[in-house]
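Everything below belongs to structure-v1.cif, which stores mmCIF, C-alpha atoms.
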```cif
data_final
#
loop_
_atom_site.group_PDB
_atom_site.id
_atom_site.type_symbol
_atom_site.label_atom_id
_atom_site.label_comp_id
_atom_site.auth_asym_id
_atom_site.auth_seq_id
_atom_site.Cartn_x
_atom_site.Cartn_y
_atom_site.Cartn_z
ATOM 1 C CA MET M 140 0.000 0.000 0.000
ATOM 2 C CA THR M 141 1.302 3.438 -0.951
ATOM 3 C CA THR M 142 1.427 5.980 1.863
ATOM 4 C CA ARG M 143 1.372 9.740 1.537
ATOM 5 C CA PRO M 144 2.679 11.292 4.798
ATOM 6 C CA PRO M 145 1.779 12.975 6.950
ATOM 7 C CA LEU M 146 -0.801 10.425 7.985
ATOM 8 C CA PRO M 147 -3.978 10.843 10.031
ATOM 9 C CA PRO M 148 -4.867 11.458 12.744
ATOM 10 C CA PHE M 149 -3.570 14.975 12.084
ATOM 11 C CA THR M 150 -2.075 17.352 14.606
ATOM 12 C CA ARG M 151 -2.062 21.070 13.866
ATOM 13 C CA GLU M 152 1.526 20.747 12.627
ATOM 14 C CA THR M 153 0.886 17.739 10.363
ATOM 15 C CA ALA M 154 -2.344 19.281 9.026
ATOM 16 C CA ILE M 155 -0.374 22.412 8.048
ATOM 17 C CA GLN M 156 2.205 20.169 6.331
ATOM 18 C CA LYS M 157 -0.570 18.382 4.431
ATOM 19 C CA VAL M 158 -2.121 21.691 3.333
ATOM 20 C CA ARG M 159 1.226 23.044 2.100
ATOM 21 C CA ALA M 160 1.957 19.801 0.236
ATOM 22 C CA ALA M 161 -1.434 20.082 -1.487
ATOM 23 C CA GLU M 162 -0.761 23.733 -2.375
ATOM 24 C CA ASP M 163 2.669 22.886 -3.799
ATOM 25 C CA GLY M 164 1.216 20.018 -5.818
ATOM 26 C CA TRP M 165 -1.564 22.126 -7.324
ATOM 27 C CA ASN M 166 0.893 24.938 -8.106
ATOM 28 C CA SER M 167 2.876 22.451 -10.198
ATOM 29 C CA ARG M 168 -0.141 22.340 -12.552
ATOM 30 C CA ASN M 169 0.785 18.720 -13.273
ATOM 31 C CA PRO M 170 -2.496 16.751 -13.297
ATOM 32 C CA GLU M 171 -0.845 13.323 -13.158
ATOM 33 C CA LYS M 172 1.337 14.294 -10.191
ATOM 34 C CA VAL M 173 -1.571 15.906 -8.348
ATOM 35 C CA SER M 174 -3.815 12.865 -8.892
ATOM 36 C CA LEU M 175 -1.402 10.649 -6.926
ATOM 37 C CA ALA M 176 -2.400 12.424 -3.691
ATOM 38 C CA TYR M 177 -5.923 10.969 -4.032
ATOM 39 C CA THR M 178 -7.297 7.446 -3.623
ATOM 40 C CA GLU M 179 -7.974 5.489 -6.817
ATOM 41 C CA ASP M 180 -11.714 6.017 -6.262
ATOM 42 C CA SER M 181 -11.494 9.517 -4.782
ATOM 43 C CA TRP M 182 -14.745 11.491 -4.991
ATOM 44 C CA TRP M 183 -14.888 15.250 -5.561
ATOM 45 C CA ARG M 184 -17.450 17.971 -5.725
ATOM 46 C CA ASN M 185 -15.764 20.982 -7.291
ATOM 47 C CA ARG M 186 -18.238 23.816 -7.825
ATOM 48 C CA ALA M 187 -20.985 22.060 -9.810
ATOM 49 C CA ASP M 188 -18.668 19.325 -11.134
ATOM 50 C CA PHE M 189 -18.666 15.827 -9.678
ATOM 51 C CA VAL M 190 -15.487 13.856 -10.303
ATOM 52 C CA GLN M 191 -14.627 10.291 -9.296
ATOM 53 C CA GLY M 192 -11.342 8.434 -9.684
ATOM 54 C CA ARG M 193 -7.823 9.387 -10.642
ATOM 55 C CA ALA M 194 -8.392 9.287 -14.403
ATOM 56 C CA ALA M 195 -11.293 11.723 -14.025
ATOM 57 C CA ILE M 196 -9.163 13.938 -11.745
ATOM 58 C CA VAL M 197 -6.427 14.094 -14.390
ATOM 59 C CA SER M 198 -8.979 14.967 -17.065
ATOM 60 C CA PHE M 199 -10.655 17.610 -14.879
ATOM 61 C CA LEU M 200 -7.358 19.284 -13.883
ATOM 62 C CA SER M 201 -6.044 19.204 -17.461
ATOM 63 C CA ARG M 202 -9.110 21.155 -18.623
ATOM 64 C CA LYS M 203 -8.933 23.484 -15.609
ATOM 65 C CA TRP M 204 -5.338 24.557 -16.195
ATOM 66 C CA VAL M 205 -5.887 25.156 -19.907
ATOM 67 C CA ARG M 206 -8.685 27.569 -18.978
ATOM 68 C CA GLU M 207 -7.066 29.048 -15.832
ATOM 69 C CA GLN M 208 -3.739 30.316 -17.159
ATOM 70 C CA ASP M 209 -0.806 31.472 -14.981
ATOM 71 C CA TYR M 210 -2.550 29.833 -12.027
ATOM 72 C CA ARG M 211 -1.090 30.618 -8.577
ATOM 73 C CA LEU M 212 -2.685 29.213 -5.411
ATOM 74 C CA ILE M 213 -2.382 29.822 -1.668
ATOM 75 C CA LYS M 214 -4.077 27.463 0.817
ATOM 76 C CA GLU M 215 -4.432 27.981 4.558
ATOM 77 C CA LEU M 216 -5.506 25.559 7.278
ATOM 78 C CA TRP M 217 -8.936 26.368 8.690
ATOM 79 C CA ALA M 218 -9.569 23.355 10.952
ATOM 80 C CA HIS M 219 -8.660 19.694 11.433
ATOM 81 C CA ASP M 220 -9.951 16.668 13.330
ATOM 82 C CA GLY M 221 -8.793 13.070 13.033
ATOM 83 C CA ASN M 222 -8.641 12.268 9.314
ATOM 84 C CA ARG M 223 -10.328 15.503 8.175
ATOM 85 C CA ILE M 224 -8.929 18.885 7.198
ATOM 86 C CA ALA M 225 -10.736 22.075 6.208
ATOM 87 C CA VAL M 226 -8.903 24.766 4.257
ATOM 88 C CA ARG M 227 -9.598 28.149 2.807
ATOM 89 C CA PHE M 228 -7.816 29.222 -0.334
ATOM 90 C CA ALA M 229 -7.447 31.836 -3.010
ATOM 91 C CA TYR M 230 -5.878 31.610 -6.427
ATOM 92 C CA GLU M 231 -5.235 34.054 -9.236
ATOM 93 C CA TRP M 232 -5.411 33.296 -12.938
ATOM 94 C CA HIS M 233 -6.344 34.760 -16.290
ATOM 95 C CA ASP M 234 -8.396 33.482 -19.184
ATOM 96 C CA ASP M 235 -7.278 33.287 -22.818
ATOM 97 C CA SER M 236 -8.464 36.876 -23.349
ATOM 98 C CA GLY M 237 -6.186 38.213 -20.601
ATOM 99 C CA ASN M 238 -8.970 38.838 -18.053
ATOM 100 C CA TRP M 239 -7.686 38.303 -14.502
ATOM 101 C CA PHE M 240 -9.583 36.694 -11.628
ATOM 102 C CA ARG M 241 -9.060 35.892 -7.986
ATOM 103 C CA SER M 242 -10.966 32.783 -6.982
ATOM 104 C CA TYR M 243 -11.832 32.290 -3.312
ATOM 105 C CA GLY M 244 -13.005 29.114 -1.697
ATOM 106 C CA ASN M 245 -13.193 26.527 1.022
ATOM 107 C CA GLU M 246 -12.472 22.826 0.859
ATOM 108 C CA ASN M 247 -13.311 19.927 3.144
ATOM 109 C CA TRP M 248 -11.024 16.911 2.861
ATOM 110 C CA ALA M 249 -11.204 13.364 4.264
ATOM 111 C CA PHE M 250 -8.212 11.008 4.123
ATOM 112 C CA ASP M 251 -7.775 7.267 4.290
ATOM 113 C CA GLU M 252 -5.318 5.640 6.723
ATOM 114 C CA SER M 253 -2.481 5.838 4.166
ATOM 115 C CA GLY M 254 -2.751 9.636 3.871
ATOM 116 C CA LEU M 255 -4.481 9.689 0.475
ATOM 117 C CA MET M 256 -7.439 12.018 0.090
ATOM 118 C CA ARG M 257 -10.674 10.070 -0.261
ATOM 119 C CA THR M 258 -13.117 12.977 -0.597
ATOM 120 C CA ARG M 259 -12.838 16.640 -1.547
ATOM 121 C CA HIS M 260 -15.712 19.134 -1.387
ATOM 122 C CA ALA M 261 -14.867 22.556 -2.861
ATOM 123 C CA CYS M 262 -16.931 25.740 -2.947
ATOM 124 C CA ILE M 263 -15.395 28.474 -5.121
ATOM 125 C CA ASN M 264 -16.319 32.019 -6.190
ATOM 126 C CA ASP M 265 -14.537 34.036 -8.896
ATOM 127 C CA LEU M 266 -13.879 37.770 -8.578
ATOM 128 C CA PRO M 267 -12.748 39.694 -11.678
ATOM 129 C CA ILE M 268 -9.664 41.778 -10.836
ATOM 130 C CA LYS M 269 -7.365 44.146 -12.697
ATOM 131 C CA GLU M 270 -3.915 42.807 -13.451
ATOM 132 C CA SER M 271 -2.556 45.637 -11.275
ATOM 133 C CA ASP M 272 -4.580 44.259 -8.305
ATOM 134 C CA ARG M 273 -2.831 40.884 -8.343
ATOM 135 C CA LYS M 274 -1.189 39.847 -5.065
ATOM 136 C CA PHE M 275 0.364 36.496 -5.991
ATOM 137 C CA HIS M 276 3.722 37.149 -7.634
ATOM 138 C CA TRP M 277 6.128 34.262 -8.002
ATOM 139 C CA ASP M 278 7.527 32.206 -10.839
ATOM 140 C CA THR M 279 4.764 29.927 -12.097
ATOM 141 C CA SER M 280 7.206 27.063 -12.614
ATOM 142 C CA GLY M 281 7.338 26.197 -8.926
ATOM 143 C CA PRO M 282 5.779 26.387 -5.486
ATOM 144 C CA ARG M 283 5.020 29.577 -3.583
ATOM 145 C CA PRO M 284 8.279 30.771 -2.011
ATOM 146 C CA ALA M 285 8.520 30.309 1.766
ATOM 147 C CA ASP M 286 8.815 34.080 2.269
ATOM 148 C CA HIS M 287 5.727 34.941 0.173
ATOM 149 C CA PRO M 288 2.885 36.254 2.361
ATOM 150 C CA SER M 289 0.046 33.918 3.377
ATOM 151 C CA LEU M 290 -3.634 34.669 2.835
ATOM 152 C CA THR M 291 -3.876 36.133 6.334
ATOM 153 C CA GLU M 292 -0.769 38.280 5.819
ATOM 154 C CA LEU M 293 -2.221 39.551 2.508
ATOM 155 C CA GLY M 294 -5.487 40.476 4.223
ATOM 156 C CA LEU M 295 -7.459 37.921 2.232
#
```
Whole structure given in structure tokens:
Amino acid sequence: MTTRPPLPPFTRETAIQKVRAAEDGWNSRNPEKVSLAYTEDSWWRNRADFVQGRAAIVSFLSRKWVREQDYRLIKELWAHDGNRIAVRFAYEWHDDSGNWFRSYGNENWAFDESGLMRTRHACINDLPIKESDRKFHWDTSGPRPADHPSLTELGL
């Protein structure tokens, strides 16, 4: 059995590690890599989309990152208990016409005993922004730098 530390039950410290690992994975914009953090039969609700299984996750994320260009994400721990973690997040992106957005949301996660995410419920709202109002500035080829402000530090 493949494990994906840290494993539940989560402490505050291990929940923060899990959240940052998820953020770093999503910022890679590599659907295949991201899908490995989920169980084979993982079940998602993402906005009005319902996704089940790794192949569907890869397909969903591939479409997402074609549409949401120059995607940059910050996640922050909201709460944790046992094998569950709740996060809040924001990400910035632009469409193929150059219109910028900041998307805000909350996610509820449940993990299996090996540390793979079994369920993901995401609620997300998009706010059109001017390019000059962007707050997430780092090279899109990697994770958010350790010294980049968090959502709380940015006042989001």
Legend entry - Residues within 6 Å of stretch 193-206 of chain M, all atoms listed in the file, excluding chain neighbours under 6 positions, as a list of chain:residue names: M:Pro170, M:Glu171, M:Ser174, M:Glu179, M:Asp234
The centre and edge lengths of an axis-aligned box containing all atoms of stretch 159-175 of chain M present in the file, extended by 8 Å on each side, are to be given in Å to one decimal, as AutoDock Vina command-line options.
```
--center_x -0.5 --center_y 17.8 --center_z -5.6 --size_x 22.7 --size_y 30.3 --size_z 31.4
```
Inset, instruction - May I have the residues within 12 Å of M:Ser236 as a list in words, using all atoms listed in the file and disregarding those fewer than 3 positions away in the same chain? - result: Arg206, Glu207, Gln208, Trp232, His233, Trp239 and Phe240 of chain M
Inset, instruction - Just say which residues the PyMOL selection byres ((chain M and resi 245) around 12) picks in this file, as a ChimeraX atom specification. - result: /M:184-186,213-218,224-230,242-244,246-248,259-264
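Using all atoms listed in the file for every distance, the candidate list M:Gly192, M:Thr141, M:Tyr210, M:Asp180 yields M:Tyr210 as the residue closest to M:Pro282.
By only C-alpha atoms, and with residues fewer than 4 positions from M:Ala176 along its chain excluded, the set lying at most 9 Å from it is Arg143, Ala161, Gly164, Lys172, Gly254, Leu255 and Met256 of chain M.
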Export, as a compact mmCIF listing (two decimals), keeping the file's coordinate frame, the selected residues with C-alpha atoms.
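The resulting file, result_23.txt, is reproduced below:
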```txt
# COMPACT_ATOMS: atom_id res chain seq x y z
CA ARG M 143 1.37 9.74 1.54
CA ALA M 161 -1.43 20.08 -1.49
CA GLY M 164 1.22 20.02 -5.82
CA LYS M 172 1.34 14.29 -10.19
CA GLY M 254 -2.75 9.64 3.87
CA LEU M 255 -4.48 9.69 0.48
CA MET M 256 -7.44 12.02 0.09
```
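For the pair atom CA of M:Phe250 and atom CA of M:Pro147, the separation is 7.3 Å.
Using all atoms listed in the file, the smallest distance between any of M:Leu175, M:Leu146, M:Met140, M:Ala154 and M:His219 comes from M:Ala154.
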Inset, instruction - Name the closest residue to M:Arg241 among the candidates M:Asn222, M:Arg257, M:Asp209, M:Ser280; distances are taken between atoms, counting only C-alpha atoms. - result: M:Asp209
Legend entry - Computed interatomic separation between atom CA of M:Trp165 and atom CA of M:Trp277 (Å): 14.4 Å
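Atom CA of M:Arg211 is found 9.2 Å from atom CA of M:Ser167.
Across M:Gly237, M:Gly294, M:Pro267, M:Pro148, the tightest approach to M:Arg223 is made by M:Pro148 when counting all atoms listed in the file.
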Inset, instruction - Show which residues sit within 8 Å of M:Gln156, as a PyMOL selection string. Count only C-alpha atoms, and ignore same-chain residues fewer than 4 positions away. - result: chain M and resi 145+152+160
